[in-house]
Each structure stands twice: as C-alpha cells, then as structure tokens.
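Peer 1: My structure is stored as entry_21.csv, with CSV, C-alpha atoms.
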chain,number,residue,atom,x,y,z
N,149,MET,CA,-7.4,7.1,-0.5
N,150,ALA,CA,-8.6,10.0,-2.6
N,151,VAL,CA,-8.4,12.4,0.3
N,152,LEU,CA,-4.7,11.5,0.8
N,153,HIS,CA,-3.5,10.9,-2.7
N,154,ASP,CA,-4.8,10.9,-6.3
N,155,ARG,CA,-3.5,7.3,-7.0
N,156,MET,CA,-4.3,4.1,-5.1
N,157,PRO,CA,-1.4,1.7,-4.7
N,158,VAL,CA,-1.9,-2.0,-5.2
N,159,ILE,CA,-2.2,-3.6,-1.8
N,160,LEU,CA,-1.9,-7.4,-1.8
N,161,ARG,CA,-2.9,-10.0,0.7
N,162,PRO,CA,-0.2,-12.5,1.5
N,163,SER,CA,-2.0,-15.2,-0.5
N,164,GLU,CA,-1.7,-13.0,-3.6
N,165,PHE,CA,2.1,-12.4,-3.4
N,166,GLY,CA,2.9,-15.4,-5.6
N,167,LEU,CA,0.6,-14.4,-8.4
N,168,TRP,CA,1.9,-10.8,-8.3
N,169,LEU,CA,5.6,-11.9,-8.4
N,170,ASP,CA,5.1,-14.7,-11.1
N,171,ARG,CA,7.0,-13.3,-14.1
N,172,SER,CA,5.4,-15.9,-16.4
N,173,MET,CA,1.9,-14.6,-15.5
N,174,ASN,CA,0.6,-12.5,-18.4
N,175,ASP,CA,-3.2,-13.3,-18.3
N,176,PRO,CA,-4.9,-9.9,-17.7
N,177,GLU,CA,-8.1,-11.6,-16.5
N,178,LYS,CA,-6.2,-13.4,-13.7
N,179,LEU,CA,-4.4,-10.3,-12.7
N,180,GLU,CA,-7.4,-8.0,-12.8
N,181,ARG,CA,-8.6,-9.0,-9.4
N,182,LEU,CA,-5.4,-7.7,-7.9
N,183,TYR,CA,-6.2,-4.2,-9.1
N,184,GLN,CA,-9.4,-3.8,-7.2
N,185,PRO,CA,-9.4,-1.2,-4.4
N,186,TYR,CA,-8.5,-2.7,-1.0
N,187,PRO,CA,-11.5,-2.7,1.4
N,188,ALA,CA,-11.5,0.6,3.2
N,189,ASP,CA,-12.6,-1.0,6.5
N,190,LEU,CA,-9.2,-2.9,6.5
N,191,LEU,CA,-7.1,0.3,6.1
N,192,GLN,CA,-5.8,2.6,8.8
N,193,GLU,CA,-4.3,6.1,8.5
N,194,TRP,CA,-2.2,8.2,10.7
N,195,GLU,CA,0.1,11.2,10.4
N,196,VAL,CA,3.8,10.5,10.2
N,197,SER,CA,6.9,12.5,10.1
N,198,PRO,CA,7.7,14.5,6.9
N,199,LEU,CA,11.0,12.6,6.9
N,200,VAL,CA,9.0,9.8,5.2
N,201,ASN,CA,9.4,11.8,2.0
N,202,LYS,CA,13.2,11.7,2.1
N,203,PRO,CA,14.6,8.6,0.2
N,204,SER,CA,17.9,8.9,2.0
N,205,ILE,CA,16.3,8.1,5.4
N,206,GLU,CA,15.4,4.5,5.8
N,207,THR,CA,14.5,3.9,9.5
N,208,PRO,CA,11.3,2.4,10.9
N,209,GLU,CA,10.9,5.4,13.1
N,210,ILE,CA,9.7,7.6,10.2
N,211,ILE,CA,6.4,5.7,10.1
N,212,VAL,CA,5.7,5.9,13.9
N,213,PRO,CA,2.4,7.8,14.4
N,214,ILE,CA,2.7,11.5,15.3
N,215,GLN,CA,-0.9,11.2,16.7
N,216,ALA,CA,-3.0,8.3,17.6
N,217,PRO,CA,-4.3,6.3,14.5
N,218,HIS,CA,-7.7,7.4,13.2
Go ahead and express the file in the form of structure tokens.
Peer 2:
Amino acid sequence: MAVLHDRMPVILRPSEFGLWLDRSMNDPEKLERLYQPYPADLLQEWEVSPLVNKPSIETPEIIVPIQAPH
C-alpha cells in the first residue's frame, strides 16, 4: 500500500466482521490481530476515475477500472 498511500486501511475478512462491530469488545489483545497488514497476494489494484474523490458522487461506476487490473 505504501506506493499508493501512507496509511493502510483495516481490511477485514467476513469472519472478523462480528468482532470488529462488537461494541462491548475492549480487549486490545483480541483486537490486535485485526490490525495486521492484509496479505499483499490477496489484494488487487487498478486505476479508477478521479470522481472517486468526490463525496457527492456515489455510483458504482466510479470504481470501474480505467485500465485492466494489475
């Protein structure tokens, strides 16, 4: 992610959604595993329209690849 942005978002697997959304969870040791970098081999990147940066535009077309995914 470093070549794209200076911060890495938390990316969750579906099996981790419950733990992430559990408001009663406050054990840092149980949450720590969610902060690990997502495996690079499971990520894809592609160029999208600059419209993705406009919060007023909320259509799925803004994330359609401009070029073929890398």
Peer 1: Excluding Leu169 in chain N and residues on its chain fewer than 5 positions from it, collect all residues at most 12 Å away from it, counting only C-alpha atoms, and give them as a ChimeraX atom specification.
Peer 2: /N:160,162-164,174,179,182
Peer 1: How would the residues just picked look written out with C-alpha atoms as a compact mmCIF listing (two decimals), in the frame of the given file?
Peer 2:
# COMPACT_ATOMS: atom_id res chain seq x y z
CA LEU N 160 -1.90 -7.40 -1.80
CA PRO N 162 -0.20 -12.50 1.50
CA SER N 163 -2.00 -15.20 -0.50
CA GLU N 164 -1.70 -13.00 -3.60
CA ASN N 174 0.60 -12.50 -18.40
CA LEU N 179 -4.40 -10.30 -12.70
CA LEU N 182 -5.40 -7.70 -7.90
Peer 1: Rounded to one decimal, what separation in Å do you get between CA of Pro157 in chain N and CA of Ile211 in chain N?
Peer 2: 17.2 Å
Peer 1: What is the CA of Pro203 in chain N-CA of Ala150 in chain N distance in Å, reported with one decimal?
Peer 2: 23.4 Å
Peer 1: With a distance cut-off of 12 Å and all atoms listed in the file, select the neighbouring residues of range 183-189 of chain N, excluding the residue or stretch itself and same-chain residues fewer than 4 positions from it, and output the selection as a count of residues only.
Peer 2: 17
Peer 1: Would you mind listing what lies within 12 Å of Pro208 in chain N as a PyMOL selection string, with all atoms listed in the file counted and same-chain residues fewer than 4 positions away left out?
Peer 2: chain N and resi 196-197+199-200+212-213
Peer 1: Quick one: distance from CA of Leu191 in chain N to CA of Ile210 in chain N in Å, one decimal?
Peer 2: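 Between these atoms lies a distance of 18.8 Å.
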Peer 1: Output as a PDB file, keeping the file's coordinate frame: range 165-197 of chain N, completed with N, CA and C atoms.
Peer 2:
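What follows is the written file part27.pdb:
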ATOM      1  N   PHE N 165       0.713 -12.738  -3.092  1.00  0.00           N
ATOM      2  CA  PHE N 165       2.100 -12.400  -3.400  1.00  0.00           C
ATOM      3  C   PHE N 165       2.644 -13.239  -4.558  1.00  0.00           C
ATOM      4  N   GLY N 166       2.404 -14.547  -4.541  1.00  0.00           N
ATOM      5  CA  GLY N 166       2.900 -15.400  -5.600  1.00  0.00           C
ATOM      6  C   GLY N 166       2.459 -15.044  -6.967  1.00  0.00           C
ATOM      7  N   LEU N 167       1.176 -14.775  -7.093  1.00  0.00           N
ATOM      8  CA  LEU N 167       0.600 -14.400  -8.400  1.00  0.00           C
ATOM      9  C   LEU N 167       1.241 -13.062  -8.857  1.00  0.00           C
ATOM     10  N   TRP N 168       1.370 -12.103  -7.963  1.00  0.00           N
ATOM     11  CA  TRP N 168       1.900 -10.800  -8.300  1.00  0.00           C
ATOM     12  C   TRP N 168       3.384 -10.910  -8.751  1.00  0.00           C
ATOM     13  N   LEU N 169       4.147 -11.798  -8.141  1.00  0.00           N
ATOM     14  CA  LEU N 169       5.600 -11.900  -8.400  1.00  0.00           C
ATOM     15  C   LEU N 169       5.891 -12.935  -9.533  1.00  0.00           C
ATOM     16  N   ASP N 170       4.902 -13.646 -10.016  1.00  0.00           N
ATOM     17  CA  ASP N 170       5.100 -14.700 -11.100  1.00  0.00           C
ATOM     18  C   ASP N 170       5.363 -13.988 -12.400  1.00  0.00           C
ATOM     19  N   ARG N 171       6.612 -13.989 -12.835  1.00  0.00           N
ATOM     20  CA  ARG N 171       7.000 -13.300 -14.100  1.00  0.00           C
ATOM     21  C   ARG N 171       6.367 -13.978 -15.322  1.00  0.00           C
ATOM     22  N   SER N 172       5.961 -15.218 -15.201  1.00  0.00           N
ATOM     23  CA  SER N 172       5.400 -15.900 -16.400  1.00  0.00           C
ATOM     24  C   SER N 172       3.867 -15.583 -16.483  1.00  0.00           C
ATOM     25  N   MET N 173       3.279 -14.956 -15.463  1.00  0.00           N
ATOM     26  CA  MET N 173       1.900 -14.600 -15.500  1.00  0.00           C
ATOM     27  C   MET N 173       1.630 -13.430 -16.404  1.00  0.00           C
ATOM     28  N   ASN N 174       0.873 -13.636 -17.458  1.00  0.00           N
ATOM     29  CA  ASN N 174       0.600 -12.500 -18.400  1.00  0.00           C
ATOM     30  C   ASN N 174      -0.901 -12.557 -18.804  1.00  0.00           C
ATOM     31  N   ASP N 175      -1.723 -13.206 -17.997  1.00  0.00           N
ATOM     32  CA  ASP N 175      -3.200 -13.300 -18.300  1.00  0.00           C
ATOM     33  C   ASP N 175      -3.852 -12.110 -17.557  1.00  0.00           C
ATOM     34  N   PRO N 176      -4.262 -11.083 -18.295  1.00  0.00           N
ATOM     35  CA  PRO N 176      -4.900  -9.900 -17.700  1.00  0.00           C
ATOM     36  C   PRO N 176      -6.109 -10.235 -16.839  1.00  0.00           C
ATOM     37  N   GLU N 177      -6.863 -11.240 -17.245  1.00  0.00           N
ATOM     38  CA  GLU N 177      -8.100 -11.600 -16.500  1.00  0.00           C
ATOM     39  C   GLU N 177      -7.727 -12.128 -15.113  1.00  0.00           C
ATOM     40  N   LYS N 178      -6.639 -12.876 -14.988  1.00  0.00           N
ATOM     41  CA  LYS N 178      -6.200 -13.400 -13.700  1.00  0.00           C
ATOM     42  C   LYS N 178      -5.618 -12.317 -12.811  1.00  0.00           C
ATOM     43  N   LEU N 179      -4.989 -11.341 -13.433  1.00  0.00           N
ATOM     44  CA  LEU N 179      -4.400 -10.300 -12.700  1.00  0.00           C
ATOM     45  C   LEU N 179      -5.351  -9.154 -12.313  1.00  0.00           C
ATOM     46  N   GLU N 180      -6.433  -9.051 -13.047  1.00  0.00           N
ATOM     47  CA  GLU N 180      -7.400  -8.000 -12.800  1.00  0.00           C
ATOM     48  C   GLU N 180      -7.907  -7.893 -11.409  1.00  0.00           C
ATOM     49  N   ARG N 181      -8.091  -9.020 -10.772  1.00  0.00           N
ATOM     50  CA  ARG N 181      -8.600  -9.000  -9.400  1.00  0.00           C
ATOM     51  C   ARG N 181      -7.654  -8.346  -8.421  1.00  0.00           C
ATOM     52  N   LEU N 182      -6.369  -8.312  -8.765  1.00  0.00           N
ATOM     53  CA  LEU N 182      -5.400  -7.700  -7.900  1.00  0.00           C
ATOM     54  C   LEU N 182      -5.473  -6.161  -7.923  1.00  0.00           C
ATOM     55  N   TYR N 183      -6.093  -5.617  -8.947  1.00  0.00           N
ATOM     56  CA  TYR N 183      -6.200  -4.200  -9.100  1.00  0.00           C
ATOM     57  C   TYR N 183      -7.413  -3.547  -8.481  1.00  0.00           C
ATOM     58  N   GLN N 184      -8.186  -4.352  -7.804  1.00  0.00           N
ATOM     59  CA  GLN N 184      -9.400  -3.800  -7.200  1.00  0.00           C
ATOM     60  C   GLN N 184      -9.016  -3.055  -5.907  1.00  0.00           C
ATOM     61  N   PRO N 185      -9.757  -2.012  -5.587  1.00  0.00           N
ATOM     62  CA  PRO N 185      -9.400  -1.200  -4.400  1.00  0.00           C
ATOM     63  C   PRO N 185      -9.483  -2.150  -3.132  1.00  0.00           C
ATOM     64  N   TYR N 186      -8.538  -1.937  -2.256  1.00  0.00           N
ATOM     65  CA  TYR N 186      -8.500  -2.700  -1.000  1.00  0.00           C
ATOM     66  C   TYR N 186      -9.655  -2.210  -0.125  1.00  0.00           C
ATOM     67  N   PRO N 187     -10.290  -3.103   0.603  1.00  0.00           N
ATOM     68  CA  PRO N 187     -11.500  -2.700   1.400  1.00  0.00           C
ATOM     69  C   PRO N 187     -11.083  -1.593   2.432  1.00  0.00           C
ATOM     70  N   ALA N 188     -11.808  -0.512   2.387  1.00  0.00           N
ATOM     71  CA  ALA N 188     -11.500   0.600   3.200  1.00  0.00           C
ATOM     72  C   ALA N 188     -11.576   0.283   4.724  1.00  0.00           C
ATOM     73  N   ASP N 189     -12.440  -0.646   5.102  1.00  0.00           N
ATOM     74  CA  ASP N 189     -12.600  -1.000   6.500  1.00  0.00           C
ATOM     75  C   ASP N 189     -11.330  -1.770   7.026  1.00  0.00           C
ATOM     76  N   LEU N 190     -10.449  -2.193   6.125  1.00  0.00           N
ATOM     77  CA  LEU N 190      -9.200  -2.900   6.500  1.00  0.00           C
ATOM     78  C   LEU N 190      -8.006  -1.965   6.526  1.00  0.00           C
ATOM     79  N   LEU N 191      -8.211  -0.710   6.140  1.00  0.00           N
ATOM     80  CA  LEU N 191      -7.100   0.300   6.100  1.00  0.00           C
ATOM     81  C   LEU N 191      -7.133   1.145   7.338  1.00  0.00           C
ATOM     82  N   GLN N 192      -5.952   1.627   7.707  1.00  0.00           N
ATOM     83  CA  GLN N 192      -5.800   2.600   8.800  1.00  0.00           C
ATOM     84  C   GLN N 192      -4.982   3.760   8.268  1.00  0.00           C
ATOM     85  N   GLU N 193      -5.162   4.904   8.851  1.00  0.00           N
ATOM     86  CA  GLU N 193      -4.300   6.100   8.500  1.00  0.00           C
ATOM     87  C   GLU N 193      -3.881   6.762   9.737  1.00  0.00           C
ATOM     88  N   TRP N 194      -2.683   7.345   9.661  1.00  0.00           N
ATOM     89  CA  TRP N 194      -2.200   8.200  10.700  1.00  0.00           C
ATOM     90  C   TRP N 194      -1.100   9.092  10.183  1.00  0.00           C
ATOM     91  N   GLU N 195      -0.935  10.213  10.844  1.00  0.00           N
ATOM     92  CA  GLU N 195       0.100  11.200  10.400  1.00  0.00           C
ATOM     93  C   GLU N 195       1.455  10.691  10.830  1.00  0.00           C
ATOM     94  N   VAL N 196       2.407  10.858   9.916  1.00  0.00           N
ATOM     95  CA  VAL N 196       3.800  10.500  10.200  1.00  0.00           C
ATOM     96  C   VAL N 196       4.708  11.657   9.913  1.00  0.00           C
ATOM     97  N   SER N 197       5.950  11.497  10.272  1.00  0.00           N
ATOM     98  CA  SER N 197       6.900  12.500  10.100  1.00  0.00           C
ATOM     99  C   SER N 197       7.129  12.878   8.606  1.00  0.00           C
TER     100      SER N 197
END
